[in-house]
Amino acid sequence: GLKGSSIWSITEDEEGSLWFSIYTVGLAKYDGKSFTHYNVSNGLVSNNIRKVYYSKRKKCLVIASENGVGVYDKRTFKSFHKQDSVNKFQIVDIQEFGNRILVTSRFHGVYELKIGKGVQSAKLDSLFNTGIAFASYFEKNQLFIKNEDSLSIYSLNENLKVKKILNSSYPTNNTWNYASDGKGAIYMATWDVIKPTGGLLKYENGKIWDLNQQ
């Protein structure tokens, strides 16, 4: 059966198998009949997996952990780990922008994960610093980064040239989900474990609206 109970994300590959990121356990694959588990002994950089994402374009899994990012093509794991004297290489989220894979880290900024022919050719290139990032979201060509006390929005072009288009104060530390209405508005589900400042926020036309106050 499935090991562990702290499941942070689920993704489906092109064969219809489900992959689960399980905090403290690693990864689990369910093929419709049985579970197969993967951990550091198989090549994961950490067993504390925050998110697993399947890229249809690259035909591989991208794995976000507390201590690095990994890729897996069902044959080989390759992991990337960076650490300064204070902070781990904690990965917050993974997004695809056209044919590119963007990786947001908590303390070390945004990276591009470049995957050529096979995961062994993969490289991780630094793009730009964001400060401490708690959450991220990608919509069209805009990357939303939730910092400790603000929301920053970056515009990216096809060559990954970056321009900051918003840096606004933000009333809560934790954003757990984003959704677009398809008409230009982004909704943000927030909460804070310390201060009673969570709720529903809306970003539109360069402004943030607190819908709890309306």
# chains A, B, ... in the order shown; residues from 1 in each chain; ligands from 1
call {"tool": "select_by_dssp", "arguments": {"residues": "stretch 81-178 of chain A", "states": "strand (DSSP E or B)", "output": "PyMOL selection string"}}
result
chain A and resi 91-97+100-105+110-114+123-128+135-139+142-146+150-156+162-169+174-178
call {"tool": "atom_distance", "arguments": {"atom1": "atom CA of A:Thr36", "atom2": "atom CA of A:Lys117"}}
result
25.7 Å
call {"tool": "select_by_dssp", "arguments": {"residues": "stretch 3-210 of chain A", "states": "helix (DSSP H, G or I)", "output": "list of chain:residue names"}}
result
A:Val40, A:Ser41, A:Asn42, A:Val119, A:Gln120, A:Ser121
call {"tool": "write_last_selection", "arguments": {"atoms": "N, CA, C and O atoms", "output": "short mmCIF file (atom, residue, chain, number, x, y, z; two decimals), in the first residue's frame"}}
result
data_model
loop_
_atom_site.label_atom_id
_atom_site.label_comp_id
_atom_site.auth_asym_id
_atom_site.auth_seq_id
_atom_site.Cartn_x
_atom_site.Cartn_y
_atom_site.Cartn_z
N VAL A 40 15.68 8.58 -1.10
CA VAL A 40 17.06 8.98 -1.34
C VAL A 40 17.93 7.81 -1.79
O VAL A 40 18.93 7.99 -2.49
N SER A 41 17.58 6.60 -1.40
CA SER A 41 18.36 5.44 -1.81
C SER A 41 18.24 5.17 -3.31
O SER A 41 19.08 4.49 -3.90
N ASN A 42 17.18 5.72 -3.93
CA ASN A 42 16.98 5.57 -5.38
C ASN A 42 17.54 6.75 -6.17
O ASN A 42 17.55 6.71 -7.41
N VAL A 119 17.75 13.14 -19.07
CA VAL A 119 17.91 13.95 -17.86
C VAL A 119 19.37 14.14 -17.48
O VAL A 119 19.71 15.08 -16.75
N GLN A 120 20.27 13.29 -17.95
CA GLN A 120 21.67 13.46 -17.61
C GLN A 120 22.24 14.75 -18.21
O GLN A 120 23.25 15.27 -17.73
N SER A 121 21.60 15.26 -19.24
CA SER A 121 22.05 16.52 -19.85
C SER A 121 21.46 17.74 -19.18
O SER A 121 21.76 18.88 -19.57
#
call {"tool": "residues_around", "arguments": {"residues": "A:Leu200", "least_positions_apart": "4", "cutoff": "6 Å", "atoms": "only C-alpha atoms", "output": "VMD selection string"}}
result
chain A and resid 188 to 189 211
call {"tool": "write_last_selection", "arguments": {"atoms": "all heavy atoms", "output": "tab-separated table (two decimals), in the first residue's frame"}}
result
chain	number	residue	atom	x	y	z
A	188	MET	N	-6.51	34.78	-5.03
A	188	MET	CA	-5.50	34.17	-4.17
A	188	MET	C	-6.12	33.74	-2.85
A	188	MET	O	-6.72	34.55	-2.14
A	188	MET	CB	-4.35	35.17	-3.92
A	188	MET	CG	-3.59	35.53	-5.19
A	188	MET	SD	-2.50	36.96	-5.00
A	188	MET	CE	-3.68	38.30	-5.27
A	189	ALA	N	-6.01	32.46	-2.54
A	189	ALA	CA	-6.49	31.91	-1.28
A	189	ALA	C	-5.36	31.97	-0.26
A	189	ALA	O	-4.28	31.41	-0.50
A	189	ALA	CB	-6.96	30.47	-1.46
A	211	LEU	N	-11.04	40.86	-0.62
A	211	LEU	CA	-12.48	40.58	-0.79
A	211	LEU	C	-13.18	40.32	0.53
A	211	LEU	O	-14.40	40.37	0.60
A	211	LEU	CB	-12.67	39.42	-1.76
A	211	LEU	CG	-12.12	39.64	-3.18
A	211	LEU	CD1	-12.53	38.48	-4.09
A	211	LEU	CD2	-12.61	40.96	-3.77
call {"tool": "closest_residue", "arguments": {"among": "A:Phe138, A:Trp209, A:Trp19, A:Phe89", "to": "A:Tyr72", "atoms": "only C-alpha atoms"}}
result
A:Trp19
call {"tool": "residues_around", "arguments": {"residues": "A:Lys82", "least_positions_apart": "5", "cutoff": "10 Å", "atoms": "only C-alpha atoms", "output": "PyMOL selection string"}}
result
chain A and resi 67-69+87-90+108
call {"tool": "closest_residue", "arguments": {"among": "A:Lys183, A:Arg100, A:Lys78, A:Lys164", "to": "A:Leu44", "atoms": "only C-alpha atoms"}}
result
A:Lys78
call {"tool": "closest_residue", "arguments": {"among": "A:Leu113, A:Ala135, A:Val71, A:Ile94", "to": "A:Thr175", "atoms": "only C-alpha atoms"}}
result
A:Ala135
call {"tool": "closest_residue", "arguments": {"among": "A:Asn177, A:Ser126, A:Thr190, A:Asn47", "to": "A:Asp93", "atoms": "only C-alpha atoms"}}
result
A:Asn177
call {"tool": "residues_around", "arguments": {"residues": "A:Lys3", "least_positions_apart": "6", "cutoff": "9 Å", "atoms": "only C-alpha atoms", "output": "ChimeraX atom specification"}}
result
/A:22,25,28,35,37
